[in-house]
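Engineer: Pasting start_29.cif here (mmCIF, C-alpha atoms and all ligand atoms):
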```cif
data_model
#
loop_
_atom_site.label_atom_id
_atom_site.label_comp_id
_atom_site.auth_asym_id
_atom_site.auth_seq_id
_atom_site.Cartn_x
_atom_site.Cartn_y
_atom_site.Cartn_z
CA MET A 1 36.33 -28.75 4.08
CA ARG A 2 37.25 -25.81 1.87
CA PRO A 3 34.24 -23.74 0.67
CA ILE A 4 34.32 -23.58 -3.13
CA ALA A 5 33.88 -19.79 -3.17
CA SER A 6 37.08 -19.31 -1.14
CA ALA A 7 39.08 -20.72 -4.06
CA LEU A 8 38.29 -17.59 -6.03
CA ASN A 9 40.36 -15.54 -3.53
CA THR A 10 43.60 -16.31 -5.31
CA PRO A 11 45.95 -14.36 -7.56
CA TYR A 12 45.67 -17.10 -10.20
CA ARG A 13 43.27 -16.54 -13.09
CA PRO A 14 42.55 -19.80 -14.93
CA VAL A 15 41.68 -19.48 -18.62
CA LYS A 16 39.74 -21.80 -20.89
CA LEU A 17 41.98 -23.79 -23.24
CA GLY A 18 41.14 -25.10 -26.70
CA ARG A 19 42.50 -26.98 -29.70
CA ASP A 20 45.31 -24.41 -30.18
CA ASP A 21 46.69 -25.43 -26.78
CA ILE A 22 46.82 -29.18 -27.42
CA ALA A 23 50.62 -29.30 -27.92
CA ASP A 24 51.18 -27.56 -24.57
CA ILE A 25 48.62 -29.74 -22.79
CA VAL A 26 50.12 -32.97 -24.17
CA ALA A 27 53.66 -31.89 -23.15
CA LEU A 28 52.40 -31.37 -19.61
CA GLU A 29 50.44 -34.67 -19.69
CA ARG A 30 53.69 -36.47 -20.47
CA GLU A 31 55.38 -34.85 -17.50
CA CYS A 32 52.53 -35.71 -15.13
CA PHE A 33 51.21 -39.15 -16.09
CA ALA A 34 52.59 -42.65 -16.68
CA VAL A 35 49.89 -43.23 -19.31
CA PRO A 36 49.34 -39.78 -20.89
CA TRP A 37 46.58 -38.89 -23.34
CA SER A 38 47.85 -38.29 -26.89
CA ALA A 39 47.26 -35.25 -29.11
CA THR A 40 44.78 -37.37 -31.10
CA GLN A 41 42.80 -38.15 -27.95
CA TYR A 42 42.65 -34.43 -27.11
CA HIS A 43 41.55 -33.55 -30.66
CA GLN A 44 38.75 -36.11 -30.38
CA ALA A 45 37.79 -34.97 -26.88
CA PHE A 46 37.52 -31.33 -27.98
CA GLY A 47 35.00 -32.55 -30.56
CA HIS A 48 32.56 -33.18 -27.69
CA LYS A 49 30.59 -30.15 -26.51
CA THR A 50 30.85 -31.33 -22.92
CA PHE A 51 34.68 -31.43 -22.87
CA VAL A 52 36.24 -28.46 -21.07
CA VAL A 53 39.85 -27.64 -20.17
CA TYR A 54 41.03 -24.82 -17.94
CA GLY A 55 44.70 -23.91 -17.58
CA LEU A 56 47.11 -21.57 -15.84
CA ARG A 57 50.16 -20.07 -17.51
CA ALA A 58 53.26 -19.02 -15.57
CA ASP A 59 56.80 -18.12 -16.61
CA GLY A 60 55.73 -18.22 -20.26
CA CYS A 61 54.50 -21.81 -20.25
CA LEU A 62 51.43 -23.86 -19.39
CA ALA A 63 51.96 -24.62 -15.71
CA ALA A 64 48.70 -26.42 -14.87
CA TYR A 65 45.56 -27.74 -16.54
CA LEU A 66 42.34 -29.48 -15.61
CA ALA A 67 40.32 -31.44 -18.19
CA TYR A 68 36.77 -32.51 -17.40
CA ALA A 69 33.32 -33.29 -18.76
CA GLU A 70 30.58 -30.80 -17.94
CA LEU A 71 27.15 -32.36 -18.21
CA THR A 72 23.76 -30.96 -17.16
CA ARG A 73 23.71 -32.35 -13.63
CA GLU A 74 27.17 -33.85 -13.18
CA MET A 75 30.82 -33.31 -14.03
CA GLU A 76 33.71 -35.77 -14.26
CA ILE A 77 37.36 -34.85 -13.91
CA PHE A 78 39.60 -36.65 -16.41
CA ASN A 79 43.04 -35.12 -15.92
CA LEU A 80 44.61 -32.56 -13.61
CA GLY A 81 48.32 -31.85 -13.77
CA VAL A 82 50.80 -29.23 -12.56
CA ARG A 83 54.35 -28.80 -13.88
CA ALA A 84 56.79 -30.16 -11.29
CA ALA A 85 58.52 -26.78 -10.87
CA HIS A 86 55.19 -25.12 -10.01
CA ARG A 87 53.80 -27.63 -7.50
CA ARG A 88 52.84 -26.76 -3.92
CA GLN A 89 52.05 -23.19 -4.91
CA GLY A 90 48.27 -23.54 -4.91
CA LEU A 91 47.79 -23.89 -8.69
CA ALA A 92 45.76 -27.10 -8.55
CA LYS A 93 43.71 -25.73 -5.66
CA ALA A 94 42.94 -22.59 -7.71
CA LEU A 95 42.06 -24.53 -10.88
CA LEU A 96 39.83 -27.03 -9.11
CA GLY A 97 38.10 -24.28 -7.14
CA ARG A 98 37.48 -22.26 -10.29
CA VAL A 99 36.00 -25.25 -12.11
CA LEU A 100 33.80 -26.30 -9.18
CA ALA A 101 32.56 -22.72 -8.73
CA ARG A 102 31.68 -22.60 -12.44
CA CYS A 103 29.88 -25.94 -12.21
CA ALA A 104 27.96 -24.84 -9.11
CA LYS A 105 26.81 -21.71 -10.93
CA LEU A 106 25.67 -23.75 -13.93
CA GLY A 107 23.56 -26.05 -11.74
CA VAL A 108 25.88 -29.06 -11.92
CA ARG A 109 25.21 -31.00 -8.71
CA GLU A 110 27.61 -33.98 -8.62
CA GLY A 111 31.31 -34.41 -9.31
CA PHE A 112 33.18 -37.66 -10.01
CA LEU A 113 36.77 -38.68 -10.66
CA GLU A 114 39.16 -41.63 -10.49
CA VAL A 115 42.51 -41.44 -8.77
CA ARG A 116 45.34 -43.89 -8.10
CA ALA A 117 45.00 -45.27 -4.58
CA SER A 118 48.62 -44.25 -3.81
CA ASN A 119 48.26 -40.64 -5.02
CA LEU A 120 48.27 -38.92 -1.65
CA ALA A 121 48.77 -35.43 -3.13
CA ALA A 122 45.65 -35.75 -5.30
CA LEU A 123 43.61 -37.42 -2.54
CA ASN A 124 44.44 -34.54 -0.19
CA LEU A 125 43.62 -31.96 -2.84
CA TYR A 126 40.23 -33.48 -3.71
CA GLY A 127 39.48 -34.03 -0.03
CA MET A 128 39.95 -30.31 0.57
CA TYR A 129 36.88 -29.62 -1.55
CA GLY A 130 34.83 -32.39 0.00
CA PHE A 131 35.30 -35.24 -2.48
CA THR A 132 34.97 -38.57 -0.66
CA VAL A 133 35.83 -42.11 -1.72
CA ALA A 134 32.73 -43.80 -3.18
CA GLY A 135 34.28 -46.97 -4.56
CA ARG A 136 37.40 -48.89 -5.57
CA ARG A 137 38.24 -50.41 -8.98
CA LYS A 138 40.68 -53.26 -8.43
CA ASN A 139 43.79 -53.49 -10.68
CA TYR A 140 42.49 -50.59 -12.75
CA TYR A 141 45.67 -48.98 -14.10
CA PRO A 142 47.35 -50.94 -16.90
CA ASP A 143 50.96 -49.83 -16.20
CA ASN A 144 51.19 -51.24 -12.64
CA SER A 145 47.78 -52.82 -11.91
CA GLU A 146 47.17 -50.28 -9.19
CA ASP A 147 43.62 -49.84 -7.84
CA ALA A 148 41.63 -46.72 -8.71
CA LEU A 149 39.56 -44.95 -6.09
CA VAL A 150 36.33 -43.42 -7.33
CA MET A 151 35.62 -40.10 -5.62
CA ARG A 152 32.35 -38.23 -5.51
CA LEU A 153 31.26 -34.75 -4.47
CA ASP A 154 27.84 -33.18 -3.86
CA ILE A 155 28.40 -29.77 -5.44
CA PRO A 156 26.63 -27.18 -3.28
CA CYS A 157 24.33 -24.54 -4.76
CA PRO A 158 26.23 -21.24 -4.89
CA GLY A 159 25.50 -19.28 -1.72
C1 LIG B 1 48.28 -33.57 -7.50
C2 LIG B 1 48.78 -32.25 -8.10
C3 LIG B 1 47.83 -31.86 -9.23
C4 LIG B 1 48.72 -31.17 -7.00
O1 LIG B 1 49.04 -29.91 -7.60
P1 LIG B 1 49.65 -28.69 -6.77
O2 LIG B 1 49.45 -27.44 -7.58
O3 LIG B 1 51.01 -29.01 -6.32
O4 LIG B 1 48.67 -28.65 -5.52
P2 LIG B 1 48.39 -27.39 -4.58
O5 LIG B 1 49.65 -26.62 -4.37
O6 LIG B 1 47.21 -26.62 -5.13
O7 LIG B 1 48.01 -28.10 -3.22
C5 LIG B 1 46.66 -28.22 -2.77
C6 LIG B 1 46.60 -29.25 -1.67
O8 LIG B 1 46.85 -30.55 -2.20
C7 LIG B 1 47.57 -31.34 -1.25
N1 LIG B 1 48.90 -31.68 -1.79
C8 LIG B 1 49.47 -31.19 -2.91
N2 LIG B 1 50.68 -31.78 -3.10
C9 LIG B 1 50.86 -32.64 -2.08
C10 LIG B 1 51.90 -33.54 -1.73
N3 LIG B 1 53.01 -33.65 -2.48
N4 LIG B 1 51.75 -34.31 -0.61
C11 LIG B 1 50.63 -34.22 0.14
N5 LIG B 1 49.61 -33.37 -0.14
C12 LIG B 1 49.72 -32.59 -1.23
C13 LIG B 1 47.70 -30.49 0.00
O9 LIG B 1 46.56 -30.73 0.79
C14 LIG B 1 47.66 -29.09 -0.60
O10 LIG B 1 47.25 -28.12 0.32
P3 LIG B 1 48.37 -27.36 1.22
O11 LIG B 1 49.41 -26.86 0.26
O12 LIG B 1 47.58 -26.29 1.87
O13 LIG B 1 48.92 -28.41 2.14
C15 LIG B 1 50.25 -32.35 -8.60
O14 LIG B 1 51.05 -32.94 -7.59
C16 LIG B 1 50.42 -33.17 -9.89
O15 LIG B 1 50.31 -32.63 -11.00
N6 LIG B 1 50.72 -34.49 -9.73
C17 LIG B 1 50.91 -35.38 -10.91
C18 LIG B 1 49.61 -35.58 -11.68
C19 LIG B 1 48.50 -36.10 -10.78
O16 LIG B 1 48.70 -36.97 -9.94
N7 LIG B 1 47.28 -35.56 -11.00
C20 LIG B 1 46.09 -35.96 -10.28
C21 LIG B 1 45.45 -37.08 -11.03
S1 LIG B 1 43.90 -37.54 -10.36
#
```
So that I can check it, write out the structure of this file as structure tokens.
Ligand SMILES: CC(C)(COP(=O)(O)OP(=O)(O)OC[C@H]1O[C@@H](n2cnc3c(N)ncnc32)[C@H](O)[C@@H]1OP(=O)(O)O)[C@@H](O)C(=O)NCCC(=O)NCCS

Structural biologist:
Amino acid sequence: MRPIASALNTPYRPVKLGRDDIADIVALERECFAVPWSATQYHQAFGHKTFVVYGLRADGCLAAYLAYAELTREMEIFNLGVRAAHRRQGLAKALLGRVLARCAKLGVREGFLEVRASNLAALNLYGMYGFTVAGRRKNYYPDNSEDALVMRLDIPCPG
């Protein structure tokens, strides 16, 4: 399992995104997901204090983003996407590590997410940080009735 702190040893410097970045985020959503969130959904989500998005820019565009809810004791990942041309370069690893390190520092102790059962890339990525499968939601995704796996992580106290 990859220690969260090791993810900070990377040349990538994720930045917090906000309402001004919604057009870029939605463009990347459309590239990454069969059922993407709309600009309206992002506007509404940014209205919640717990909604946080981190992103990485490369070659003048948004190359990766991670949207999640940051609560007092737990966090939940909603969306994580990397532009196709920038995949397998460690961007998702850097973003996820940065977010988990931030959560650990804030005292957040549990992480949750849902992922398509066939999404090997995402399963491997989350597994690297210690997320494990905690449950299965049958026929969860509306576009192809695929099952969702629920993954959970005990976020360690920062060492
Ligand atoms: C899943 C996704 C975010 C990974 O982003 P990425 O920046 O390419 O991932 P990284 O380069 O940081 O890879 C980290 C690890 O993830 C795993 N991984 C990433 N892509 C993989 C692939 N195509 N096949 C198998 N494992 C993969 C590997 O374990 C990798 O570590 P390694 O490079 O040391 O082998 C990206 O493929 C994506 O945007 N997919 C479409 C959207 C999506 O499925 N999001 C997740 C929703 S829950």

Engineer: Please tabulate, as JSON lines, the residues of chain A that come within 9 Å of ligand LIG 1 (chain B), each with its closest pair of atoms and the distance in Å to one decimal, counting only C-alpha atoms and all ligand atoms and ordering rows by chain, then residue number upward.

Structural biologist:
```
{"residue": "A:Leu28", "atom": "CA", "partner": "B:LIG1", "partner_atom": "O15", "distance": 8.9}
{"residue": "A:Glu29", "atom": "CA", "partner": "B:LIG1", "partner_atom": "C18", "distance": 8.1}
{"residue": "A:Glu31", "atom": "CA", "partner": "B:LIG1", "partner_atom": "C17", "distance": 8.0}
{"residue": "A:Cys32", "atom": "CA", "partner": "B:LIG1", "partner_atom": "C18", "distance": 4.5}
{"residue": "A:Phe33", "atom": "CA", "partner": "B:LIG1", "partner_atom": "C18", "distance": 5.9}
{"residue": "A:Ala63", "atom": "CA", "partner": "B:LIG1", "partner_atom": "O2", "distance": 9.0}
{"residue": "A:Ala64", "atom": "CA", "partner": "B:LIG1", "partner_atom": "O2", "distance": 7.4}
{"residue": "A:Tyr65", "atom": "CA", "partner": "B:LIG1", "partner_atom": "C3", "distance": 8.7}
{"residue": "A:Leu66", "atom": "CA", "partner": "B:LIG1", "partner_atom": "C3", "distance": 8.7}
{"residue": "A:Ile77", "atom": "CA", "partner": "B:LIG1", "partner_atom": "S1", "distance": 7.9}
{"residue": "A:Phe78", "atom": "CA", "partner": "B:LIG1", "partner_atom": "S1", "distance": 7.5}
{"residue": "A:Asn79", "atom": "CA", "partner": "B:LIG1", "partner_atom": "C21", "distance": 5.8}
{"residue": "A:Leu80", "atom": "CA", "partner": "B:LIG1", "partner_atom": "N7", "distance": 4.8}
{"residue": "A:Gly81", "atom": "CA", "partner": "B:LIG1", "partner_atom": "O15", "distance": 3.5}
{"residue": "A:Val82", "atom": "CA", "partner": "B:LIG1", "partner_atom": "O15", "distance": 3.8}
{"residue": "A:Arg83", "atom": "CA", "partner": "B:LIG1", "partner_atom": "O15", "distance": 6.3}
{"residue": "A:Ala84", "atom": "CA", "partner": "B:LIG1", "partner_atom": "O15", "distance": 6.9}
{"residue": "A:His86", "atom": "CA", "partner": "B:LIG1", "partner_atom": "O2", "distance": 6.7}
{"residue": "A:Arg87", "atom": "CA", "partner": "B:LIG1", "partner_atom": "O3", "distance": 3.3}
{"residue": "A:Arg88", "atom": "CA", "partner": "B:LIG1", "partner_atom": "O5", "distance": 3.2}
{"residue": "A:Gln89", "atom": "CA", "partner": "B:LIG1", "partner_atom": "O5", "distance": 4.2}
{"residue": "A:Gly90", "atom": "CA", "partner": "B:LIG1", "partner_atom": "O6", "distance": 3.3}
{"residue": "A:Leu91", "atom": "CA", "partner": "B:LIG1", "partner_atom": "O2", "distance": 4.1}
{"residue": "A:Ala92", "atom": "CA", "partner": "B:LIG1", "partner_atom": "O6", "distance": 3.7}
{"residue": "A:Lys93", "atom": "CA", "partner": "B:LIG1", "partner_atom": "O6", "distance": 3.7}
{"residue": "A:Ala94", "atom": "CA", "partner": "B:LIG1", "partner_atom": "O6", "distance": 6.4}
{"residue": "A:Leu95", "atom": "CA", "partner": "B:LIG1", "partner_atom": "O6", "distance": 8.0}
{"residue": "A:Leu96", "atom": "CA", "partner": "B:LIG1", "partner_atom": "O6", "distance": 8.4}
{"residue": "A:Leu113", "atom": "CA", "partner": "B:LIG1", "partner_atom": "S1", "distance": 7.2}
{"residue": "A:Glu114", "atom": "CA", "partner": "B:LIG1", "partner_atom": "S1", "distance": 6.3}
{"residue": "A:Val115", "atom": "CA", "partner": "B:LIG1", "partner_atom": "S1", "distance": 4.4}
{"residue": "A:Arg116", "atom": "CA", "partner": "B:LIG1", "partner_atom": "S1", "distance": 6.9}
{"residue": "A:Asn119", "atom": "CA", "partner": "B:LIG1", "partner_atom": "O16", "distance": 6.2}
{"residue": "A:Leu120", "atom": "CA", "partner": "B:LIG1", "partner_atom": "C11", "distance": 5.6}
{"residue": "A:Ala121", "atom": "CA", "partner": "B:LIG1", "partner_atom": "C12", "distance": 3.5}
{"residue": "A:Ala122", "atom": "CA", "partner": "B:LIG1", "partner_atom": "C1", "distance": 4.1}
{"residue": "A:Leu123", "atom": "CA", "partner": "B:LIG1", "partner_atom": "C7", "distance": 7.4}
{"residue": "A:Asn124", "atom": "CA", "partner": "B:LIG1", "partner_atom": "O9", "distance": 4.5}
{"residue": "A:Leu125", "atom": "CA", "partner": "B:LIG1", "partner_atom": "O8", "distance": 3.6}
{"residue": "A:Tyr126", "atom": "CA", "partner": "B:LIG1", "partner_atom": "O8", "distance": 7.4}
{"residue": "A:Gly127", "atom": "CA", "partner": "B:LIG1", "partner_atom": "O9", "distance": 7.9}
{"residue": "A:Met128", "atom": "CA", "partner": "B:LIG1", "partner_atom": "O9", "distance": 6.6}
```

Engineer: Between A:Leu17, A:Ala104, A:Phe112, A:Gly130, which has the minimum distance to Gly159 (chain A) (counting all atoms listed in the file)?

Structural biologist: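 Ranked by minimum distance to Gly159 (chain A), first place goes to A:Ala104.
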
Engineer: What is the distance, in Å and to one decimal place, between CA of Gly55 (chain A) and CA of Leu149 (chain A)?

Structural biologist: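 It comes out at 24.5 Å.
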
Engineer: My list of candidates is A:Lys49, A:Arg109, A:Lys138, A:His43. Which is closest to Met75 (chain A) when distances are computed with only C-alpha atoms?

Structural biologist: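 The answer is A:Arg109, which sits nearest to Met75 (chain A).
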
Engineer: Compile the contact shell of Cys103 (chain A) as a PyMOL selection string: residues with an atom at most 10 Å away, counting only C-alpha atoms, same-chain residues fewer than 4 positions apart removed.

Structural biologist: chain A and resi 70-75+97-99+107-111+155-158

Engineer: Counting all atoms listed in the file, figure out which residue out of A:Glu76, A:His48, A:Val53, A:Asp143 gets nearest to Ala34 (chain A).

Structural biologist: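 Closest to Ala34 (chain A) of all the choices is A:Asp143.
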